[in-house]
Amino acid sequence: MNKKLMTPEMNELFSAILSLQSTEECAAFFEDVCTIKELLAMSQRFEVAKMLRQGHTYLDIANKTSASTATISRVNRSLNYGCDGYDMVFGRLNNAPVKIKEEE
C-alpha cells in the first residue's frame, strides 16, 4: 500500500475489518462506516473486476453493471498494475459469490 496512506488510523481500520467474523458482521460494520453510495460503488467495482477477469468486454460490463467506461478503465488499471488485491480475493473465493443473509 502507498506509504502515504498507511497511517496508524488506516492500520487500525484494517485490523477492525479483520476482526469481523461473518458476512452479517461485515455488512453491519460497513453499513455504519460507509454511505450507501460508497457501498454500491465498491460492490460495482468488484463486479466489474470479476467480469474483466472473465474476459467480458467494456460494453458488456457497462450494460450489466451500469458502470461508466472510466470506472471500468480504472478497475482494469488496478487489475493490471495494482497490488493484486482483487486477484488475491478471487483466488480465495474461487469466484463463488458471498451471500449476505436477508433481513427478515
# chains A, B, ... in the order shown; residues from 1 in each chain; ligands from 1

$ select_by_dssp --residues "chain A" --states "helix (DSSP H, G or I)" --output "ChimeraX atom specification"
/A:8-18,23-33,36-53,58-65,69-81,85-93

$ closest_residue --among "A:Ile17, A:Val48, A:His56, A:Glu24" --to "Ser78 of chain A" --atoms "only C-alpha atoms"
A:Val48

$ residues_around --residues "Arg53 of chain A" --least-positions-apart "4" --cutoff "10 Å" --atoms "only C-alpha atoms" --output "list in words"
Glu47, Val48, Ala49, Asn76, Leu79, Tyr86, Asp87 and Phe90 of chain A

$ write_last_selection --atoms "N, CA and C atoms" --output "PDB file, in the first residue's frame"
ATOM      1  N   GLU A  47     -17.727  -6.185  -8.991  1.00  0.00           N
ATOM      2  CA  GLU A  47     -18.386  -6.894 -10.092  1.00  0.00           C
ATOM      3  C   GLU A  47     -17.680  -6.620 -11.407  1.00  0.00           C
ATOM      4  N   VAL A  48     -17.277  -5.376 -11.640  1.00  0.00           N
ATOM      5  CA  VAL A  48     -16.531  -5.017 -12.841  1.00  0.00           C
ATOM      6  C   VAL A  48     -15.228  -5.823 -12.901  1.00  0.00           C
ATOM      7  N   ALA A  49     -14.519  -5.906 -11.800  1.00  0.00           N
ATOM      8  CA  ALA A  49     -13.258  -6.656 -11.773  1.00  0.00           C
ATOM      9  C   ALA A  49     -13.495  -8.128 -12.097  1.00  0.00           C
ATOM     10  N   ASN A  76      -9.690  -1.863 -14.435  1.00  0.00           N
ATOM     11  CA  ASN A  76      -8.778  -2.613 -15.290  1.00  0.00           C
ATOM     12  C   ASN A  76      -7.324  -2.242 -15.000  1.00  0.00           C
ATOM     13  N   LEU A  79      -6.332  -3.953 -11.867  1.00  0.00           N
ATOM     14  CA  LEU A  79      -6.090  -5.376 -12.110  1.00  0.00           C
ATOM     15  C   LEU A  79      -4.728  -5.617 -12.751  1.00  0.00           C
ATOM     16  N   TYR A  86      -7.397  -7.656  -5.888  1.00  0.00           N
ATOM     17  CA  TYR A  86      -8.555  -8.316  -6.477  1.00  0.00           C
ATOM     18  C   TYR A  86      -8.264  -9.804  -6.713  1.00  0.00           C
ATOM     19  N   ASP A  87      -7.145 -10.094  -7.358  1.00  0.00           N
ATOM     20  CA  ASP A  87      -6.832 -11.482  -7.701  1.00  0.00           C
ATOM     21  C   ASP A  87      -6.631 -12.341  -6.460  1.00  0.00           C
ATOM     22  N   PHE A  90     -10.167 -13.073  -5.375  1.00  0.00           N
ATOM     23  CA  PHE A  90     -10.805 -14.001  -6.306  1.00  0.00           C
ATOM     24  C   PHE A  90     -10.281 -15.422  -6.100  1.00  0.00           C
TER      25      PHE A  90
END

$ closest_residue --among "A:Ala62, A:Ala28, A:Leu93, A:Leu18" --to "Arg45 of chain A" --atoms "only C-alpha atoms"
A:Ala62

$ closest_residue --among "A:Leu52, A:Glu9, A:Ser19, A:Lys37" --to "Asn80 of chain A" --atoms "only C-alpha atoms"
A:Leu52
